[in-house]
Every structure is written in C-alpha cells, then in structure tokens.
Amino acid sequence: MKSTLIGRAAALRHVGVGLAGWAASAAWAVNDLPGGPAVNQLGFAPPVTRIAEEQHWLLWMLLIICTVIFVAVFGVMFYSIWKHRKSLGAKPASFHESVTVEIAWTVVPFVIVILMALPATKVLVAQKDTTNADLTIKATGYQWKWGYDYLNGEGEGIGFLSTLDASQRALSSAGTPEGDNYLLKVDHPLVVPVGKKVRIITTANDVIHSWMVPAFGVKQDAIPGFVRDTWFKAEQTGDFYGQCAELCGKEHAYMPIHVKVLSQADYSAWVADEKKKMAAAADDPNKVWTMADLMTRGEKVYAANCAACHQANGKGGGAIKALDGSPIVQGPVAEQMHVVLEGRNNGAMPSWKQLSDTELAAVVTFTKNHWSNKTGQLVQPSEFKAAREGKFPAGEGKSAAAGQAATGTAS
C-alpha cells in the first residue's frame, strides 16, 4: 500500500513537472518578428527589395504551372485506371507507336520549361548585376561573427565586428528562448540607407559561411580565399534579419545578421556619429598602458571574442584547450603572440589579426593574469605593432608553421 502511494505521488510529480514545462513554453511563446521570421511561416519572407518581389512572383508562377501539370497528368491517369478497370470487363487496347504523340510530348514539355526558364534567367542575371553601386560593403565571415568594412560610398572607412548580443547567449545557455528576436539580436547591426544600391562583397577568414537576408532575397556564400559579391536595394526602412546559411561549426546558430535600413538623413547622421566614435576610440599604438587598464579592456575583448570557445572560466572544453593553467599562456609572451596573430591547427584556433594592436595586447595581458595565471606579464600595443612586421619580443616563441601542435591561447 505504501509503495503504491509513493508511486502515485511520483506520477503526480511528473504530471506537475510536465504542466510546469507546458506553462513555461506558453510563457516563451513568440510573435512574428517584423523583418524576420514569422510564427508558422511556410512561404518566403515579405519582400522589401525588387529582386525579392520577383523571386516571390517566380515561386508562385512555377508552383501554379507545376500544380496544373500534376493535376492534369495524374487526373487523366487515375481516370483511365478507374474507367477501364478489369471489373467492368475492359480489354487492353493493342496499338503501335504514334509519331505525332511522341513529338507532342517532347515539344510541349520543352516549350513549358523554356517559358519557365526565361523569367527565372532574367531574375538571376539581375541578381548578379552589382555594377553602379551607391555603397560597397565587405562582409567577412568569422567563427562565429561577421566583420563589416565600408569600402566605397558614404561611410567609407567605417568597420566593425557584428556579434551575437551577450544577452542572447545567456538566454540560450539558460534554456530560456525568450523574445521575438531570440538569437537574432547583435551588438552592432549593419546599417544602410533606404533606396540605395548596396553591393555586398563576401569572403571568410576560416571556413565557408553564407550571408543571407530573406527579406532582401539575398544569399551569397563567403568562402576563404575567394571574393564573391551580391547586392540589394531596400525600398523601406526598418530592421531586417538573417543568419549564416552554411553550417560553419558548433556555434553556427549563434551567427545572426541584422541589417538596419535608415532614411538618408538618419543614415548620414549615423555615419557622422560612427566616425566620431572611431576617432575617439582610435588607440595610439605607442601609448603605454597600465596593467589595470589592460586588464579592464582585455576582459571585454575576451568576453566578446574568446569566451564562446574557451569559456568564461578559461577551462575550455572538448578539443578546445584550457587557458587557465595553459603552458603557452604562462610561458613566454612571444609564443602567445604568434598564436593569436597566426592561429593554430589549420584554423581550429583562428587568427585574430583583425583585432587592433591594443585589443590583442589587452586580451593577452588579461589571460596571463587572470584565473590561476598570475604571471605578472604585461604586453603593450607597440609590441603587437612590431610583431605584425615579424619583430617579436625576446623569447621569439614558435611561428605557426613550427607550432601547429600548440593550441592553448588567449582567444
């Protein structure tokens, strides 16, 4: 009797847990995200570019044509099977080939395919016409973030990294997928003006990525060592979302794309503000930093670029080497400088040379003096400036070619 009661109590607890989970799921229910995914979405995202509109038209045109053909062919087939079934005493016909029929069922499908291919080819050619762009932006894929550099047009010279917002990573780690923009919020969105032709040049630093924004009708692979390009011309302001569309590693899902389309006046104001920020943030590589300042700066750089793999506690995990207690981190400064500038293990530990000299000096100093690593070593930006030219501090360390086996580092 007692065991029966205990069993029933356990069952009730399971029911309670299930109801609690259902209630939590209901609390996490999301709504359509303007410019992003919609709840129960089956078709394409609402278009905001002419190319995307034409893609929608092509989709429906092809769907209707294929549906009509499907219904006609299978309708005739099923009618014939039903009408001439054996139970009605139907006798199979005996006839030979018909040249007329064979020509018809060759020519008619060919004409249909050509009629479908002509408008599709027109759209494809338009997609590849990246000439006469008002603005050119290079999008570089990294594991797992995007780097944007404004190469031509208003905003030329602006550049930044766009990474999943820290709050989104925290929600994912906690198992609480809250918000309509879950895993789509970034710390620095790509900003473009409305009504302007924007050319996107794609490449990658490590593995193949793919830059995709459904509302723009744009998807272009970013391939290491190659340069590809595409374009879009947004016809309305707003926030539009996409994601890396090529499986690129364990945090592929943490590589969103957020494009903010502004009016021309607002875009010009944004450009002016960004250039002021860049001027204010421009670090003098010859400035001598204190340990405290480098540690403060390095903690932020580590959280934004390194913690995703090496973990906030520096313990790493799986194939990712720990930084806490790492012989390389606790060893000569030059060894770790080689690693962060050149990478290791064929990109498993990527190069971080896209970071500034100050950021690299700060994060190396941070890892050398955080957790149990109390080395007292300090790296100045000027040392990284010299290292980029091949002049490493005394103790040289191993170059990438000589040190592929070393993977514990500060990023």
# chains A, B, ... in the order shown; residues from 1 in each chain; ligands from 1
call {"tool": "closest_atom_pairs", "arguments": {"of": "region 318-363 of chain A", "to": "region 200-212 of chain A", "cutoff": "9 Å", "atoms": "only C-alpha atoms", "output": "CSV"}}
result
residue,atom,partner,partner_atom,distance
A:Asn346,CA,A:Asp206,CA,8.7
A:Gly347,CA,A:Asp206,CA,5.9
A:Ala348,CA,A:Asp206,CA,8.4
A:Pro350,CA,A:Asp206,CA,6.8
A:Ser351,CA,A:Asn205,CA,8.2
call {"tool": "write_last_selection", "arguments": {"atoms": "N, CA and C atoms", "output": "PDB file, in the first residue's frame"}}
result
ATOM      1  N   ASN A 346      45.328  24.564 -38.397  1.00  0.00           N
ATOM      2  CA  ASN A 346      44.567  24.768 -39.635  1.00  0.00           C
ATOM      3  C   ASN A 346      43.243  25.487 -39.404  1.00  0.00           C
ATOM      4  N   GLY A 347      43.273  26.462 -38.516  1.00  0.00           N
ATOM      5  CA  GLY A 347      42.082  27.284 -38.310  1.00  0.00           C
ATOM      6  C   GLY A 347      41.213  26.862 -37.151  1.00  0.00           C
ATOM      7  N   ALA A 348      41.517  25.714 -36.521  1.00  0.00           N
ATOM      8  CA  ALA A 348      40.739  25.328 -35.347  1.00  0.00           C
ATOM      9  C   ALA A 348      40.862  26.414 -34.286  1.00  0.00           C
ATOM     10  N   PRO A 350      41.557  30.132 -34.734  1.00  0.00           N
ATOM     11  CA  PRO A 350      41.709  31.098 -35.832  1.00  0.00           C
ATOM     12  C   PRO A 350      42.687  32.214 -35.508  1.00  0.00           C
ATOM     13  N   SER A 351      43.148  32.856 -36.538  1.00  0.00           N
ATOM     14  CA  SER A 351      43.955  34.066 -36.366  1.00  0.00           C
ATOM     15  C   SER A 351      43.041  35.210 -35.944  1.00  0.00           C
TER      16      SER A 351
END
call {"tool": "residues_around", "arguments": {"residues": "region 364-371 of chain A", "least_positions_apart": "3", "cutoff": "8 Å", "atoms": "only C-alpha atoms", "output": "PDB file with C-alpha atoms, in the first residue's frame"}}
result
ATOM      1  CA  MET A 291      48.210  46.695 -16.026  1.00  0.00           C
ATOM      2  CA  LEU A 294      44.823  46.461 -19.957  1.00  0.00           C
ATOM      3  CA  MET A 295      43.018  44.008 -17.671  1.00  0.00           C
ATOM      4  CA  THR A 296      39.787  46.020 -17.884  1.00  0.00           C
ATOM      5  CA  GLY A 298      41.104  42.695 -22.053  1.00  0.00           C
ATOM      6  CA  GLU A 299      38.164  41.330 -20.075  1.00  0.00           C
ATOM      7  CA  ASN A 313      36.230  30.407 -16.752  1.00  0.00           C
ATOM      8  CA  GLY A 314      39.070  29.688 -19.192  1.00  0.00           C
ATOM      9  CA  LEU A 323      43.674  28.828 -20.956  1.00  0.00           C
ATOM     10  CA  ASP A 324      43.661  28.537 -17.188  1.00  0.00           C
ATOM     11  CA  VAL A 329      49.646  31.366 -21.610  1.00  0.00           C
ATOM     12  CA  GLN A 330      52.024  31.004 -18.685  1.00  0.00           C
ATOM     13  CA  GLN A 336      51.131  33.500 -27.316  1.00  0.00           C
ATOM     14  CA  MET A 337      51.533  36.457 -29.673  1.00  0.00           C
ATOM     15  CA  LEU A 360      45.329  41.984 -28.752  1.00  0.00           C
ATOM     16  CA  ALA A 361      47.687  43.370 -26.123  1.00  0.00           C
ATOM     17  CA  LYS A 374      49.345  35.109 -12.193  1.00  0.00           C
ATOM     18  CA  THR A 375      52.370  35.613 -14.426  1.00  0.00           C
ATOM     19  CA  GLY A 376      52.687  39.359 -13.911  1.00  0.00           C
ATOM     20  CA  GLN A 377      53.476  39.652 -17.637  1.00  0.00           C
ATOM     21  CA  LEU A 378      52.204  42.701 -19.484  1.00  0.00           C
ATOM     22  CA  VAL A 379      52.017  43.245 -23.253  1.00  0.00           C
ATOM     23  CA  ALA A 410      44.029  33.770 -25.477  1.00  0.00           C
TER      24      ALA A 410
END
call {"tool": "residues_around", "arguments": {"residues": "Glu389 (chain A)", "least_positions_apart": "6", "cutoff": "12 Å", "atoms": "only C-alpha atoms", "output": "PyMOL selection string"}}
result
chain A and resi 338+341+382-383
call {"tool": "select_by_dssp", "arguments": {"residues": "region 172-323 of chain A", "states": "strand (DSSP E)", "output": "ChimeraX atom specification"}}
result
/A:190-193,198-204,209-213,218-222,228-232,238-244,256-262
call {"tool": "residues_around", "arguments": {"residues": "Ala245 (chain A)", "least_positions_apart": "3", "cutoff": "12 Å", "atoms": "only C-alpha atoms", "output": "JSON, numbers by chain"}}
result
{"A": [141, 208, 209, 210, 211, 212, 213, 214, 218, 219, 220, 221, 222, 242, 248, 249, 252, 253, 254, 255, 256, 257]}
call {"tool": "write_last_selection", "arguments": {"atoms": "N, CA and C atoms", "output": "PDB file, in the first residue's frame"}}
result
ATOM      1  N   GLY A 141      33.160  36.561 -43.020  1.00  0.00           N
ATOM      2  CA  GLY A 141      32.678  35.587 -42.054  1.00  0.00           C
ATOM      3  C   GLY A 141      33.798  35.074 -41.170  1.00  0.00           C
ATOM      4  N   ILE A 208      33.732  28.037 -44.684  1.00  0.00           N
ATOM      5  CA  ILE A 208      32.698  28.609 -45.548  1.00  0.00           C
ATOM      6  C   ILE A 208      31.514  29.073 -44.705  1.00  0.00           C
ATOM      7  N   HIS A 209      31.108  30.311 -44.914  1.00  0.00           N
ATOM      8  CA  HIS A 209      29.902  30.875 -44.319  1.00  0.00           C
ATOM      9  C   HIS A 209      28.974  31.284 -45.459  1.00  0.00           C
ATOM     10  N   SER A 210      27.802  31.790 -45.132  1.00  0.00           N
ATOM     11  CA  SER A 210      26.889  32.271 -46.172  1.00  0.00           C
ATOM     12  C   SER A 210      26.057  33.417 -45.614  1.00  0.00           C
ATOM     13  N   TRP A 211      26.108  34.558 -46.318  1.00  0.00           N
ATOM     14  CA  TRP A 211      25.419  35.779 -45.877  1.00  0.00           C
ATOM     15  C   TRP A 211      24.016  35.784 -46.490  1.00  0.00           C
ATOM     16  N   MET A 212      22.998  35.657 -45.645  1.00  0.00           N
ATOM     17  CA  MET A 212      21.625  35.522 -46.139  1.00  0.00           C
ATOM     18  C   MET A 212      20.663  36.413 -45.365  1.00  0.00           C
ATOM     19  N   VAL A 213      19.897  37.222 -46.098  1.00  0.00           N
ATOM     20  CA  VAL A 213      18.810  38.019 -45.525  1.00  0.00           C
ATOM     21  C   VAL A 213      17.573  37.753 -46.384  1.00  0.00           C
ATOM     22  N   PRO A 214      16.639  36.916 -45.926  1.00  0.00           N
ATOM     23  CA  PRO A 214      15.495  36.518 -46.753  1.00  0.00           C
ATOM     24  C   PRO A 214      14.659  37.677 -47.281  1.00  0.00           C
ATOM     25  N   VAL A 218      18.492  37.750 -50.748  1.00  0.00           N
ATOM     26  CA  VAL A 218      19.943  37.677 -50.921  1.00  0.00           C
ATOM     27  C   VAL A 218      20.509  36.490 -50.147  1.00  0.00           C
ATOM     28  N   LYS A 219      21.342  35.710 -50.803  1.00  0.00           N
ATOM     29  CA  LYS A 219      22.112  34.643 -50.150  1.00  0.00           C
ATOM     30  C   LYS A 219      23.393  34.457 -50.953  1.00  0.00           C
ATOM     31  N   GLN A 220      24.525  34.740 -50.327  1.00  0.00           N
ATOM     32  CA  GLN A 220      25.809  34.633 -51.023  1.00  0.00           C
ATOM     33  C   GLN A 220      26.826  33.949 -50.121  1.00  0.00           C
ATOM     34  N   ASP A 221      27.442  32.883 -50.615  1.00  0.00           N
ATOM     35  CA  ASP A 221      28.455  32.177 -49.830  1.00  0.00           C
ATOM     36  C   ASP A 221      29.680  33.062 -49.607  1.00  0.00           C
ATOM     37  N   ALA A 222      30.275  32.912 -48.431  1.00  0.00           N
ATOM     38  CA  ALA A 222      31.529  33.590 -48.089  1.00  0.00           C
ATOM     39  C   ALA A 222      32.589  32.504 -47.944  1.00  0.00           C
ATOM     40  N   GLY A 242      18.670  38.006 -40.762  1.00  0.00           N
ATOM     41  CA  GLY A 242      19.069  36.804 -41.478  1.00  0.00           C
ATOM     42  C   GLY A 242      20.038  36.023 -40.616  1.00  0.00           C
ATOM     43  N   CYS A 248      28.818  26.016 -40.181  1.00  0.00           N
ATOM     44  CA  CYS A 248      30.198  26.501 -40.066  1.00  0.00           C
ATOM     45  C   CYS A 248      30.848  26.161 -38.731  1.00  0.00           C
ATOM     46  N   GLY A 249      30.283  25.210 -38.000  1.00  0.00           N
ATOM     47  CA  GLY A 249      30.899  24.849 -36.735  1.00  0.00           C
ATOM     48  C   GLY A 249      29.887  24.798 -35.612  1.00  0.00           C
ATOM     49  N   HIS A 252      27.276  27.711 -35.126  1.00  0.00           N
ATOM     50  CA  HIS A 252      26.651  28.204 -36.357  1.00  0.00           C
ATOM     51  C   HIS A 252      25.351  28.955 -36.062  1.00  0.00           C
ATOM     52  N   ALA A 253      24.575  28.459 -35.101  1.00  0.00           N
ATOM     53  CA  ALA A 253      23.289  29.087 -34.772  1.00  0.00           C
ATOM     54  C   ALA A 253      23.463  30.435 -34.089  1.00  0.00           C
ATOM     55  N   TYR A 254      24.700  30.733 -33.656  1.00  0.00           N
ATOM     56  CA  TYR A 254      24.959  31.999 -32.959  1.00  0.00           C
ATOM     57  C   TYR A 254      25.598  33.020 -33.897  1.00  0.00           C
ATOM     58  N   MET A 255      25.240  32.980 -35.168  1.00  0.00           N
ATOM     59  CA  MET A 255      25.862  33.865 -36.148  1.00  0.00           C
ATOM     60  C   MET A 255      24.785  34.605 -36.948  1.00  0.00           C
ATOM     61  N   PRO A 256      23.985  35.433 -36.270  1.00  0.00           N
ATOM     62  CA  PRO A 256      22.886  36.119 -36.956  1.00  0.00           C
ATOM     63  C   PRO A 256      23.362  37.319 -37.772  1.00  0.00           C
ATOM     64  N   ILE A 257      22.467  37.803 -38.612  1.00  0.00           N
ATOM     65  CA  ILE A 257      22.696  39.012 -39.410  1.00  0.00           C
ATOM     66  C   ILE A 257      21.549  39.970 -39.132  1.00  0.00           C
TER      67      ILE A 257
END
call {"tool": "closest_residue", "arguments": {"among": "A:Arg85, A:Arg388, A:Lys197, A:Lys233", "to": "Thr49 (chain A)", "atoms": "only C-alpha atoms"}}
result
A:Lys233
call {"tool": "residues_around", "arguments": {"residues": "region 159-161 of chain A", "least_positions_apart": "4", "cutoff": "10 Å", "atoms": "only C-alpha atoms", "output": "MDAnalysis selection string"}}
result
chainID A and resid 137:142 145:151 155 186:190 274:275 278 304:305 354:355
call {"tool": "residues_around", "arguments": {"residues": "region 279-283 of chain A", "least_positions_apart": "4", "cutoff": "12 Å", "atoms": "only C-alpha atoms", "output": "list in words"}}
result
Gly157, Ile158, Ala272, Asp273, Glu274, Lys275, Lys287, Val288, Trp289, Leu355, Ser356, Asp357, Thr358, Glu359, Ala361, Gln380, Pro381, Ser382 and Lys385 of chain A
call {"tool": "atom_distance", "arguments": {"atom1": "CA of Val198 (chain A)", "atom2": "CA of Glu251 (chain A)"}}
result
28.1 Å
call {"tool": "select_by_dssp", "arguments": {"residues": "region 266-353 of chain A", "states": "helix (DSSP H, G or I)", "output": "PyMOL selection string"}}
result
chain A and resi 266-281+291-305+307-310+327-330+333-342+345-347
call {"tool": "residues_around", "arguments": {"residues": "Leu124 (chain A)", "least_positions_apart": "4", "cutoff": "12 Å", "atoms": "only C-alpha atoms", "output": "JSON list (two decimals) with N, CA and C atoms, in the first residue's frame"}}
result
[["chain", "number", "residue", "atom", "x", "y", "z"],
["A", 51, "ILE", "N", 14.19, 42.58, -56.24],
["A", 51, "ILE", "CA", 14.62, 41.21, -56.53],
["A", 51, "ILE", "C", 13.80, 40.21, -55.73],
["A", 52, "ALA", "N", 13.58, 40.49, -54.45],
["A", 52, "ALA", "CA", 12.80, 39.58, -53.61],
["A", 52, "ALA", "C", 11.36, 39.47, -54.11],
["A", 54, "GLU", "N", 10.39, 39.76, -57.23],
["A", 54, "GLU", "CA", 10.42, 38.93, -58.43],
["A", 54, "GLU", "C", 10.61, 37.45, -58.09],
["A", 55, "GLN", "N", 11.37, 37.19, -57.02],
["A", 55, "GLN", "CA", 11.52, 35.81, -56.57],
["A", 55, "GLN", "C", 10.17, 35.25, -56.11],
["A", 58, "LEU", "N", 8.12, 34.48, -59.18],
["A", 58, "LEU", "CA", 8.60, 33.24, -59.80],
["A", 58, "LEU", "C", 8.12, 32.01, -59.03],
["A", 117, "ALA", "N", 11.94, 29.06, -67.78],
["A", 117, "ALA", "CA", 13.34, 29.44, -67.62],
["A", 117, "ALA", "C", 13.60, 30.89, -67.99],
["A", 118, "LEU", "N", 12.86, 31.45, -68.92],
["A", 118, "LEU", "CA", 13.12, 32.82, -69.38],
["A", 118, "LEU", "C", 13.00, 33.85, -68.25],
["A", 119, "PRO", "N", 11.87, 33.91, -67.53],
["A", 119, "PRO", "CA", 11.79, 34.89, -66.44],
["A", 119, "PRO", "C", 12.76, 34.57, -65.30],
["A", 120, "ALA", "N", 13.02, 33.27, -65.05],
["A", 120, "ALA", "CA", 13.97, 32.90, -64.00],
["A", 120, "ALA", "C", 15.37, 33.38, -64.35],
["A", 128, "LYS", "N", 22.95, 39.21, -60.31],
["A", 128, "LYS", "CA", 24.40, 39.24, -60.45],
["A", 128, "LYS", "C", 24.94, 40.58, -60.95],
["A", 129, "ASP", "N", 24.05, 41.52, -61.23],
["A", 129, "ASP", "CA", 24.49, 42.82, -61.73],
["A", 129, "ASP", "C", 24.82, 43.75, -60.56],
["A", 130, "THR", "N", 26.07, 43.73, -60.14],
["A", 130, "THR", "CA", 26.49, 44.54, -58.99],
["A", 130, "THR", "C", 27.13, 45.86, -59.40],
["A", 217, "GLY", "N", 16.00, 38.88, -50.42],
["A", 217, "GLY", "CA", 16.19, 37.92, -51.50],
["A", 217, "GLY", "C", 17.65, 37.69, -51.79],
["A", 218, "VAL", "N", 18.49, 37.75, -50.75],
["A", 218, "VAL", "CA", 19.94, 37.68, -50.92],
["A", 218, "VAL", "C", 20.51, 36.49, -50.15],
["A", 230, "THR", "N", 27.21, 40.26, -54.20],
["A", 230, "THR", "CA", 25.78, 40.32, -54.46],
["A", 230, "THR", "C", 25.33, 41.74, -54.15]]
call {"tool": "atom_distance", "arguments": {"atom1": "CA of Trp60 (chain A)", "atom2": "CA of Thr237 (chain A)"}}
result
26.0 Å
call {"tool": "atom_distance", "arguments": {"atom1": "CA of Ala387 (chain A)", "atom2": "CA of Cys306 (chain A)"}}
result
20.7 Å
call {"tool": "closest_residue", "arguments": {"among": "A:Lys196, A:Phe216, A:Ser268, A:Thr106", "to": "Ala133 (chain A)", "atoms": "only C-alpha atoms"}}
result
A:Lys196
call {"tool": "closest_residue", "arguments": {"among": "A:Gly317, A:Ala334, A:Glu156, A:Val99", "to": "Phe392 (chain A)", "atoms": "only C-alpha atoms"}}
result
A:Ala334
call {"tool": "closest_residue", "arguments": {"among": "A:Trp270, A:Phe240, A:Trp352, A:Phe78", "to": "Val301 (chain A)", "atoms": "only C-alpha atoms"}}
result
A:Trp352
